[in-house]
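Student: Take this structure first; my questions come after.
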Amino acid sequence: MQKQLGTIAGVQAAAFQVPPLPGPRGLGVQFVIETTESFEQLNTVAQNVMDAALKSGSFVYLDSNLKYDEPQTQIVIDRDKAAGMGLTMSDIGNSLTAMLGGGYVNYFSLSGRAYQVIRRSSRWTA
């Protein structure tokens with residue numbers, strides 16, 4: 001099926017079997033490349049890794065999720081002003097986490113079923 005998907009022009013898709021037990025789903029092998037260099041340099045390295053993986057013949061599906069349209073920002077906190085407002089760095093961090101984070105942390109197993117762990121404020125819930 002993966003070969004047939006590869007023949008469709010303009011489509012990047014992966015076919016994989018759903019695991020028999022509940023748990024994480026998706027592709028089996030994933031790599032994360034991090035850098036403090038420019039996006040252009042990161043893209044060059046990512047393309048080199050993908051080219052080498054493709055040449056190896058060990059991978060059926062390859063994709064890079066480096067997207068230039070995902071914004072990035074730097075937040076500078078005035079600690080004196082925050083303290084004057086009665087806020088701790090922990091309060092600010094928790095608020096930023098709730099605002100920007102996806103919430104999903106991991107999976108845990110209970111009675112043979114897998115559940116997502118989602119962080120909310122300073123408590124852990126499932």
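Chain labels run A, B, ... following the order of the structure tokens; each chain numbers its residues from 1, and ligands are numbered from 1 in the order shown.
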Taking 6 positions as the minimum chain separation for residues in the same chain, which residues sit within 12 Å of Met1 in chain A when counting only C-alpha atoms? Answer as a list in words.

Tutor: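 What passes the distance filter is Thr7, Ile8, Ala13, Ala14, Ala15, Phe16, Gln17, Val60 and Tyr61 of chain A.
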
Student: Neighbouring residues of Ile75 in chain A were defined as those with any atom within 12 Å, considering only C-alpha atoms; residues of the same chain fewer than 5 positions away were excluded. Please report them as a list of chain:residue names.

Tutor: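 Near neighbours after the sequence-gap exclusion: A:Ile92, A:Gly93, A:Leu96.
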
Student: What residues in range 49-117 of chain A get the DSSP label strand (DSSP E)? Please answer as a list in words.

Tutor: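 Reading the DSSP output for range 49-117 of chain A, strand (DSSP E) covers Tyr104, Val105, Asn106, Tyr107, Phe108, Ser109, Leu110, Arg113, Ala114, Tyr115, Gln116 and Val117 of chain A.
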
Student: Write a file of the selected residues as an mmCIF file, in the first residue's frame, keeping N, CA, C and O atoms.

Tutor:
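Saved the output as selection.cif:
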```cif
data_model
loop_
_atom_site.group_PDB
_atom_site.id
_atom_site.type_symbol
_atom_site.label_atom_id
_atom_site.label_comp_id
_atom_site.auth_asym_id
_atom_site.auth_seq_id
_atom_site.Cartn_x
_atom_site.Cartn_y
_atom_site.Cartn_z
ATOM 1 N N TYR A 104 -0.223 17.542 26.493
ATOM 2 C CA TYR A 104 0.077 16.111 26.481
ATOM 3 C C TYR A 104 1.501 15.876 26.957
ATOM 4 O O TYR A 104 2.418 16.538 26.506
ATOM 5 N N VAL A 105 1.676 14.955 27.898
ATOM 6 C CA VAL A 105 2.994 14.669 28.446
ATOM 7 C C VAL A 105 3.457 13.272 28.058
ATOM 8 O O VAL A 105 4.549 13.097 27.544
ATOM 9 N N ASN A 106 2.612 12.278 28.302
ATOM 10 C CA ASN A 106 3.003 10.891 28.111
ATOM 11 C C ASN A 106 1.761 10.021 28.186
ATOM 12 O O ASN A 106 0.659 10.518 28.350
ATOM 13 N N TYR A 107 1.935 8.709 28.094
ATOM 14 C CA TYR A 107 0.861 7.748 28.303
ATOM 15 C C TYR A 107 1.116 6.966 29.581
ATOM 16 O O TYR A 107 2.249 6.795 30.002
ATOM 17 N N PHE A 108 0.043 6.492 30.212
ATOM 18 C CA PHE A 108 0.185 5.543 31.308
ATOM 19 C C PHE A 108 -0.845 4.446 31.105
ATOM 20 O O PHE A 108 -1.843 4.615 30.415
ATOM 21 N N SER A 109 -0.581 3.293 31.694
ATOM 22 C CA SER A 109 -1.453 2.138 31.526
ATOM 23 C C SER A 109 -2.241 1.901 32.808
ATOM 24 O O SER A 109 -1.694 1.936 33.915
ATOM 25 N N LEU A 110 -3.538 1.671 32.641
ATOM 26 C CA LEU A 110 -4.413 1.384 33.776
ATOM 27 C C LEU A 110 -5.425 0.342 33.325
ATOM 28 O O LEU A 110 -6.157 0.557 32.356
ATOM 29 N N ARG A 113 -5.478 -0.551 29.588
ATOM 30 C CA ARG A 113 -5.761 0.501 28.604
ATOM 31 C C ARG A 113 -4.756 1.633 28.781
ATOM 32 O O ARG A 113 -4.282 1.881 29.878
ATOM 33 N N ALA A 114 -4.446 2.324 27.705
ATOM 34 C CA ALA A 114 -3.497 3.433 27.757
ATOM 35 C C ALA A 114 -4.259 4.756 27.777
ATOM 36 O O ALA A 114 -5.241 4.930 27.058
ATOM 37 N N TYR A 115 -3.816 5.653 28.638
ATOM 38 C CA TYR A 115 -4.428 6.970 28.774
ATOM 39 C C TYR A 115 -3.351 8.036 28.659
ATOM 40 O O TYR A 115 -2.225 7.837 29.095
ATOM 41 N N GLN A 116 -3.722 9.195 28.105
ATOM 42 C CA GLN A 116 -2.779 10.299 28.014
ATOM 43 C C GLN A 116 -2.677 11.005 29.360
ATOM 44 O O GLN A 116 -3.668 11.176 30.056
ATOM 45 N N VAL A 117 -1.462 11.426 29.702
ATOM 46 C CA VAL A 117 -1.237 12.262 30.879
ATOM 47 C C VAL A 117 -1.235 13.702 30.383
ATOM 48 O O VAL A 117 -0.500 14.058 29.475
#
```

Student: Within 12 Å of Val49 in chain A, counting only C-alpha atoms, which residues show up once you throw out same-chain ones fewer than 2 positions away? Write them as a list of chain:residue names, please.

Tutor: A:Gln30, A:Phe31, A:Val32, A:Ile33, A:Leu42, A:Asn43, A:Thr44, A:Val45, A:Ala46, A:Gln47, A:Asp51, A:Ala52, A:Ala53, A:Leu54, A:Lys55, A:Ser56, A:Leu62, A:Asp63, A:Ser64

Student: Output N, CA and C atoms for every residue in that selection, as an mmCIF file, in the first residue's frame.

Tutor:
```
data_model
loop_
_atom_site.group_PDB
_atom_site.id
_atom_site.type_symbol
_atom_site.label_atom_id
_atom_site.label_comp_id
_atom_site.auth_asym_id
_atom_site.auth_seq_id
_atom_site.Cartn_x
_atom_site.Cartn_y
_atom_site.Cartn_z
ATOM 1 N N GLN A 30 11.442 8.270 14.804
ATOM 2 C CA GLN A 30 11.411 9.711 14.599
ATOM 3 C C GLN A 30 12.707 10.300 15.132
ATOM 4 N N PHE A 31 13.246 11.294 14.432
ATOM 5 C CA PHE A 31 14.467 11.975 14.840
ATOM 6 C C PHE A 31 14.156 13.443 15.091
ATOM 7 N N VAL A 32 14.837 14.009 16.078
ATOM 8 C CA VAL A 32 14.717 15.440 16.343
ATOM 9 C C VAL A 32 16.102 16.045 16.193
ATOM 10 N N ILE A 33 16.203 17.051 15.347
ATOM 11 C CA ILE A 33 17.468 17.759 15.143
ATOM 12 C C ILE A 33 17.277 19.171 15.682
ATOM 13 N N LEU A 42 19.608 24.580 9.464
ATOM 14 C CA LEU A 42 18.851 23.435 9.965
ATOM 15 C C LEU A 42 18.228 22.659 8.808
ATOM 16 N N ASN A 43 17.670 23.374 7.850
ATOM 17 C CA ASN A 43 17.064 22.721 6.695
ATOM 18 C C ASN A 43 18.108 21.941 5.904
ATOM 19 N N THR A 44 19.297 22.497 5.731
ATOM 20 C CA THR A 44 20.375 21.807 5.015
ATOM 21 C C THR A 44 20.738 20.500 5.718
ATOM 22 N N VAL A 45 20.905 20.560 7.030
ATOM 23 C CA VAL A 45 21.246 19.355 7.794
ATOM 24 C C VAL A 45 20.105 18.343 7.727
ATOM 25 N N ALA A 46 18.876 18.798 7.875
ATOM 26 C CA ALA A 46 17.724 17.889 7.820
ATOM 27 C C ALA A 46 17.634 17.205 6.461
ATOM 28 N N GLN A 47 17.868 17.963 5.395
ATOM 29 C CA GLN A 47 17.830 17.371 4.057
ATOM 30 C C GLN A 47 18.951 16.351 3.877
ATOM 31 N N ASP A 51 18.332 12.532 2.973
ATOM 32 C CA ASP A 51 18.971 11.941 1.789
ATOM 33 C C ASP A 51 19.723 10.664 2.164
ATOM 34 N N ALA A 52 20.469 10.718 3.271
ATOM 35 C CA ALA A 52 21.215 9.536 3.717
ATOM 36 C C ALA A 52 20.264 8.404 4.107
ATOM 37 N N ALA A 53 19.157 8.746 4.762
ATOM 38 C CA ALA A 53 18.177 7.728 5.155
ATOM 39 C C ALA A 53 17.533 7.098 3.925
ATOM 40 N N LEU A 54 17.229 7.929 2.934
ATOM 41 C CA LEU A 54 16.625 7.428 1.703
ATOM 42 C C LEU A 54 17.592 6.490 0.972
ATOM 43 N N LYS A 55 18.859 6.879 0.890
ATOM 44 C CA LYS A 55 19.869 6.060 0.209
ATOM 45 C C LYS A 55 20.094 4.728 0.930
ATOM 46 N N SER A 56 19.862 4.702 2.252
ATOM 47 C CA SER A 56 20.092 3.472 3.012
ATOM 48 C C SER A 56 19.122 2.367 2.613
ATOM 49 N N LEU A 62 9.624 8.999 4.516
ATOM 50 C CA LEU A 62 10.428 10.054 5.132
ATOM 51 C C LEU A 62 9.697 11.382 5.008
ATOM 52 N N ASP A 63 9.767 12.188 6.048
ATOM 53 C CA ASP A 63 9.142 13.505 6.012
ATOM 54 C C ASP A 63 9.866 14.404 6.997
ATOM 55 N N SER A 64 9.969 15.665 6.652
ATOM 56 C CA SER A 64 10.537 16.660 7.558
ATOM 57 C C SER A 64 9.418 17.613 7.948
#
```

Student: With only C-alpha atoms as the basis for distance, which of A:Leu66, A:Ala83, A:Leu100, A:Val76 is at the shortest distance from Phe39 in chain A?

Tutor: A:Leu66

Student: If I take CA of Gln2 in chain A and CA of Met50 in chain A, how far is one from the other in Å, to one decimal?

Tutor: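 Going from CA of Gln2 in chain A over to CA of Met50 in chain A, I get 17.7 Å.
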
Student: Write out as a PyMOL selection string each polymer residue whose atoms come within 12 Å of Asp78 in chain A, counting only C-alpha atoms; drop sequence neighbours fewer than 5 positions from it.

Tutor: chain A and resi 83-85+87-89+92

Student: Could you check which of A:Gly86, A:Ser58, A:Leu5, A:Asn48 is closest to Val29 in chain A, using only C-alpha atoms?

Tutor: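 Among the listed residues, A:Ser58 lies closest to Val29 in chain A.
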